[in-house]
Amino acid sequence: MTLQDYLYYFILPVLTLSVILLFIRFVKGPSISDRVVSLDLHITTGIGIISIYSIINDQPTFLDIAMILALIAFLGTIAFSYYIEKKEKNE
Amino acid sequence: MNDIIIIVLSTLGTLLIFLAAVGIVKMPDLYLRISVTTKAVTLGVGLILASSAVYFNEAGVVSRVIAIILFIFLTAPIGAHMIGRASYFRGIGLWKKSVIDDLKGMYEKSTHTLKSDDKEDEIFDQ
(Lines give C-alpha, C1' and ligand atoms only; values in the text may rest on other atoms or scores of the structure.)
Protein backbone atom coordinates (compact mmCIF):
# COMPACT_ATOMS: atom_id res chain seq x y z
CA MET A 1 0.00 0.00 0.00
CA THR A 2 1.62 3.19 -1.14
CA LEU A 3 1.29 6.62 0.39
CA GLN A 4 -1.04 7.72 -2.41
CA ASP A 5 -3.39 4.79 -1.73
CA TYR A 6 -3.50 5.62 1.97
CA LEU A 7 -4.32 9.25 1.27
CA TYR A 8 -6.93 8.29 -1.30
CA TYR A 9 -8.73 5.62 0.71
CA PHE A 10 -8.50 6.94 4.27
CA ILE A 11 -7.78 10.68 4.44
CA LEU A 12 -10.06 11.92 1.67
CA PRO A 13 -13.17 9.96 2.84
CA VAL A 14 -12.82 11.31 6.38
CA LEU A 15 -12.47 14.85 5.05
CA THR A 16 -15.53 14.31 2.85
CA LEU A 17 -17.49 13.05 5.85
CA SER A 18 -16.57 16.18 7.80
CA VAL A 19 -17.70 18.38 4.89
CA ILE A 20 -21.04 16.56 4.93
CA LEU A 21 -21.36 17.19 8.69
CA LEU A 22 -20.56 20.88 8.10
CA PHE A 23 -23.24 21.00 5.43
CA ILE A 24 -25.79 19.67 7.93
CA ARG A 25 -25.07 22.69 10.13
CA PHE A 26 -25.22 24.95 7.06
CA VAL A 27 -28.74 23.73 6.27
CA LYS A 28 -29.98 23.57 9.88
CA GLY A 29 -28.29 26.64 11.38
CA PRO A 30 -30.89 28.65 13.31
CA SER A 31 -29.32 32.05 12.63
CA ILE A 32 -27.31 33.54 9.76
CA SER A 33 -24.18 33.65 11.93
CA ASP A 34 -24.18 29.85 12.19
CA ARG A 35 -24.22 29.68 8.41
CA VAL A 36 -21.34 32.14 8.11
CA VAL A 37 -19.24 30.12 10.57
CA SER A 38 -20.08 26.93 8.68
CA LEU A 39 -19.13 28.54 5.34
CA ASP A 40 -15.79 29.64 6.78
CA LEU A 41 -15.17 26.05 7.92
CA HIS A 42 -16.12 24.71 4.49
CA ILE A 43 -13.45 26.83 2.83
CA THR A 44 -10.82 25.96 5.44
CA THR A 45 -11.55 22.24 5.01
CA GLY A 46 -11.31 22.78 1.26
CA ILE A 47 -7.77 24.07 1.74
CA GLY A 48 -6.92 20.76 3.43
CA ILE A 49 -8.51 18.75 0.60
CA ILE A 50 -6.58 20.74 -2.03
CA SER A 51 -3.36 20.11 -0.13
CA ILE A 52 -4.03 16.33 -0.04
CA TYR A 53 -4.84 16.39 -3.76
CA SER A 54 -1.57 18.16 -4.51
CA ILE A 55 0.26 15.28 -2.79
CA ILE A 56 -1.72 12.59 -4.66
CA ASN A 57 -1.23 14.18 -8.09
CA ASP A 58 2.32 15.40 -7.37
CA GLN A 59 1.41 18.94 -8.41
CA PRO A 60 2.65 21.68 -6.04
CA THR A 61 0.92 24.39 -8.11
CA PHE A 62 -2.41 23.47 -6.51
CA LEU A 63 -1.20 25.17 -3.33
CA ASP A 64 -1.55 28.60 -5.00
CA ILE A 65 -5.30 28.08 -5.12
CA ALA A 66 -5.27 27.12 -1.43
CA MET A 67 -3.60 30.46 -0.64
CA ILE A 68 -6.23 32.42 -2.57
CA LEU A 69 -9.03 30.46 -0.89
CA ALA A 70 -7.63 31.36 2.54
CA LEU A 71 -7.76 35.04 1.53
CA ILE A 72 -11.33 34.75 0.24
CA ALA A 73 -12.49 32.97 3.42
CA PHE A 74 -11.14 35.80 5.59
CA LEU A 75 -12.64 38.53 3.42
CA GLY A 76 -15.99 36.74 3.29
CA THR A 77 -16.21 36.37 7.06
CA ILE A 78 -15.29 40.02 7.65
CA ALA A 79 -17.79 41.25 5.05
CA PHE A 80 -20.60 39.10 6.44
CA SER A 81 -19.99 40.24 10.01
CA TYR A 82 -19.84 43.88 8.87
CA TYR A 83 -23.22 43.63 7.20
CA ILE A 84 -24.80 41.66 10.08
CA GLU A 85 -23.73 44.44 12.45
CA LYS A 86 -24.94 47.17 10.05
CA LYS A 87 -28.33 45.53 9.70
CA GLU A 88 -28.78 45.41 13.45
CA LYS A 89 -27.84 49.11 13.72
CA ASN A 90 -30.33 50.21 11.08
CA GLU A 91 -33.26 48.45 12.66
CA MET B 1 10.94 7.64 6.58
CA ASN B 2 9.35 10.67 4.87
CA ASP B 3 6.24 8.59 4.17
CA ILE B 4 5.78 7.83 7.86
CA ILE B 5 6.05 11.52 8.78
CA ILE B 6 3.53 12.43 6.06
CA ILE B 7 1.10 9.73 7.21
CA VAL B 8 1.29 10.80 10.87
CA LEU B 9 0.88 14.51 10.11
CA SER B 10 -2.00 14.12 7.67
CA THR B 11 -3.83 11.63 9.92
CA LEU B 12 -3.61 13.94 12.94
CA GLY B 13 -4.79 16.91 10.88
CA THR B 14 -7.69 14.97 9.40
CA LEU B 15 -8.84 13.71 12.78
CA LEU B 16 -8.76 17.27 14.18
CA ILE B 17 -10.86 18.54 11.27
CA PHE B 18 -13.29 15.65 11.76
CA LEU B 19 -13.58 16.45 15.48
CA ALA B 20 -14.35 20.07 14.64
CA ALA B 21 -17.04 18.96 12.19
CA VAL B 22 -18.63 16.76 14.86
CA GLY B 23 -18.39 19.66 17.31
CA ILE B 24 -20.11 22.14 15.03
CA VAL B 25 -23.05 19.76 14.70
CA LYS B 26 -23.30 18.79 18.38
CA MET B 27 -22.55 22.07 20.18
CA PRO B 28 -25.66 23.80 21.52
CA ASP B 29 -24.71 27.43 21.00
CA LEU B 30 -23.21 29.75 18.36
CA TYR B 31 -20.35 30.92 20.57
CA LEU B 32 -19.33 27.37 21.48
CA ARG B 33 -19.38 26.51 17.78
CA ILE B 34 -17.08 29.46 17.00
CA SER B 35 -14.74 28.27 19.76
CA VAL B 36 -14.54 24.79 18.18
CA THR B 37 -13.94 26.21 14.70
CA THR B 38 -11.10 28.51 15.54
CA LYS B 39 -8.93 26.10 17.45
CA ALA B 40 -9.32 22.64 15.96
CA VAL B 41 -9.61 23.50 12.29
CA THR B 42 -6.71 25.92 12.34
CA LEU B 43 -4.40 23.30 13.84
CA GLY B 44 -5.73 20.55 11.57
CA VAL B 45 -5.23 22.47 8.34
CA GLY B 46 -1.80 23.55 9.54
CA LEU B 47 -0.79 19.90 10.06
CA ILE B 48 -2.11 18.83 6.62
CA LEU B 49 -0.25 21.68 4.92
CA ALA B 50 2.90 20.72 6.84
CA SER B 51 2.57 17.16 5.50
CA SER B 52 2.50 18.48 1.93
CA ALA B 53 5.57 20.60 2.69
CA VAL B 54 7.37 17.45 3.89
CA TYR B 55 6.31 15.58 0.73
CA PHE B 56 7.56 18.13 -1.84
CA ASN B 57 10.61 19.24 0.13
CA GLU B 58 11.51 22.22 -2.08
CA ALA B 59 12.22 25.78 -0.98
CA GLY B 60 9.43 27.24 -3.13
CA VAL B 61 6.73 24.91 -1.84
CA VAL B 62 7.86 25.14 1.78
CA SER B 63 7.80 28.94 1.75
CA ARG B 64 4.36 28.92 0.13
CA VAL B 65 3.06 26.51 2.80
CA ILE B 66 4.52 28.64 5.58
CA ALA B 67 2.81 31.70 4.08
CA ILE B 68 -0.57 29.92 4.02
CA ILE B 69 -0.16 28.64 7.60
CA LEU B 70 0.82 32.08 8.90
CA PHE B 71 -2.08 33.69 7.08
CA ILE B 72 -4.59 31.22 8.52
CA PHE B 73 -3.14 31.53 12.04
CA LEU B 74 -3.42 35.33 11.83
CA THR B 75 -6.86 35.60 10.28
CA ALA B 76 -8.88 32.81 11.94
CA PRO B 77 -9.05 34.50 15.40
CA ILE B 78 -9.86 37.88 13.83
CA GLY B 79 -12.70 36.45 11.77
CA ALA B 80 -14.08 34.53 14.75
CA HIS B 81 -13.96 37.66 16.91
CA MET B 82 -15.74 39.77 14.29
CA ILE B 83 -18.56 37.29 13.70
CA GLY B 84 -19.00 36.71 17.44
CA ARG B 85 -19.17 40.46 18.13
CA ALA B 86 -21.68 41.07 15.33
CA SER B 87 -23.94 38.26 16.46
CA TYR B 88 -23.77 39.44 20.09
CA PHE B 89 -25.10 42.82 18.95
CA ARG B 90 -27.77 41.09 16.92
CA GLY B 91 -29.00 39.50 20.13
CA ILE B 92 -28.26 35.85 19.52
CA GLY B 93 -28.55 34.35 22.96
CA LEU B 94 -26.26 32.09 24.89
CA TRP B 95 -27.03 28.50 25.74
CA LYS B 96 -29.67 28.34 28.47
CA LYS B 97 -27.30 26.43 30.76
CA SER B 98 -24.55 29.05 30.46
CA VAL B 99 -23.48 30.30 33.88
CA ILE B 100 -22.29 33.87 33.26
CA ASP B 101 -22.48 36.54 30.56
CA ASP B 102 -19.68 38.99 31.26
CA LEU B 103 -20.67 41.45 28.52
CA LYS B 104 -24.26 41.90 29.70
CA GLY B 105 -25.05 45.61 29.96
CA MET B 106 -21.49 46.62 29.11
CA TYR B 107 -22.17 47.70 25.52
CA GLU B 108 -23.82 50.94 24.48
CA LYS B 109 -26.81 49.89 22.42
CA SER B 110 -26.64 52.80 19.98
CA THR B 111 -22.93 53.36 19.39
CA HIS B 112 -21.61 49.81 19.86
CA THR B 113 -18.76 50.93 22.11
CA LEU B 114 -17.72 49.34 25.37
CA LYS B 115 -18.51 51.39 28.44
CA SER B 116 -16.48 50.83 31.55
CA ASP B 117 -17.84 49.70 34.86
CA ASP B 118 -18.29 52.62 37.26
CA LYS B 119 -17.08 50.78 40.35
CA GLU B 120 -13.69 50.03 38.80
CA ASP B 121 -13.27 53.70 37.86
CA GLU B 122 -13.80 54.73 41.48
CA ILE B 123 -11.20 52.24 42.62
CA PHE B 124 -8.72 53.67 40.10
CA ASP B 125 -9.43 57.24 41.17
CA GLN B 126 -8.62 56.68 44.83
# chains A, B, ... in the order shown; residues from 1 in each chain; ligands from 1

$ interface_residues --of "chain B" --to "chain A" --cutoff "6 Å" --atoms "only C-alpha atoms" --output "list in words"
Phe18, Ala21, Val25, Val45, Ile68, Gly79, Ile83, Ala86 and Arg90 of chain B

$ write_last_selection --atoms "N, CA and C atoms" --output "PDB file, in the first residue's frame"
ATOM      1  N   PHE B  18     -12.079  16.447  11.564  1.00  0.00           N
ATOM      2  CA  PHE B  18     -13.292  15.654  11.765  1.00  0.00           C
ATOM      3  C   PHE B  18     -13.915  15.951  13.134  1.00  0.00           C
ATOM      4  N   ALA B  21     -15.769  19.104  12.907  1.00  0.00           N
ATOM      5  CA  ALA B  21     -17.038  18.961  12.191  1.00  0.00           C
ATOM      6  C   ALA B  21     -18.089  18.319  13.084  1.00  0.00           C
ATOM      7  N   VAL B  25     -21.681  20.299  14.749  1.00  0.00           N
ATOM      8  CA  VAL B  25     -23.045  19.761  14.705  1.00  0.00           C
ATOM      9  C   VAL B  25     -23.606  19.600  16.113  1.00  0.00           C
ATOM     10  N   VAL B  45      -5.681  22.058   9.670  1.00  0.00           N
ATOM     11  CA  VAL B  45      -5.228  22.471   8.341  1.00  0.00           C
ATOM     12  C   VAL B  45      -3.739  22.764   8.352  1.00  0.00           C
ATOM     13  N   ILE B  68       0.853  30.248   3.808  1.00  0.00           N
ATOM     14  CA  ILE B  68      -0.567  29.915   4.022  1.00  0.00           C
ATOM     15  C   ILE B  68      -0.835  29.696   5.504  1.00  0.00           C
ATOM     16  N   GLY B  79     -11.386  36.721  12.338  1.00  0.00           N
ATOM     17  CA  GLY B  79     -12.700  36.449  11.771  1.00  0.00           C
ATOM     18  C   GLY B  79     -13.673  35.947  12.818  1.00  0.00           C
ATOM     19  N   ILE B  83     -17.224  37.881  13.853  1.00  0.00           N
ATOM     20  CA  ILE B  83     -18.560  37.292  13.698  1.00  0.00           C
ATOM     21  C   ILE B  83     -19.223  37.117  15.063  1.00  0.00           C
ATOM     22  N   ALA B  86     -20.489  40.671  16.092  1.00  0.00           N
ATOM     23  CA  ALA B  86     -21.678  41.073  15.330  1.00  0.00           C
ATOM     24  C   ALA B  86     -22.905  40.311  15.799  1.00  0.00           C
ATOM     25  N   ARG B  90     -26.515  41.476  17.542  1.00  0.00           N
ATOM     26  CA  ARG B  90     -27.772  41.086  16.915  1.00  0.00           C
ATOM     27  C   ARG B  90     -28.694  40.411  17.919  1.00  0.00           C
TER      28      ARG B  90
END

$ select_by_dssp --residues "chain A" --states "alpha helix (DSSP H)" --output "ChimeraX atom specification"
/A:3-6,12-28,32-56,62-90

$ closest_residue --among "B:Ser63, B:Thr42, B:Ser51, B:Ser35" --to "Ile6 (chain B)" --atoms "only C-alpha atoms"
B:Ser51

$ atom_distance --atom1 "CA of Arg35 (chain A)" --atom2 "CA of Ile24 (chain B)"
10.8 Å

$ atom_distance --atom1 "CA of Leu15 (chain B)" --atom2 "CA of Gly44 (chain B)"
7.6 Å
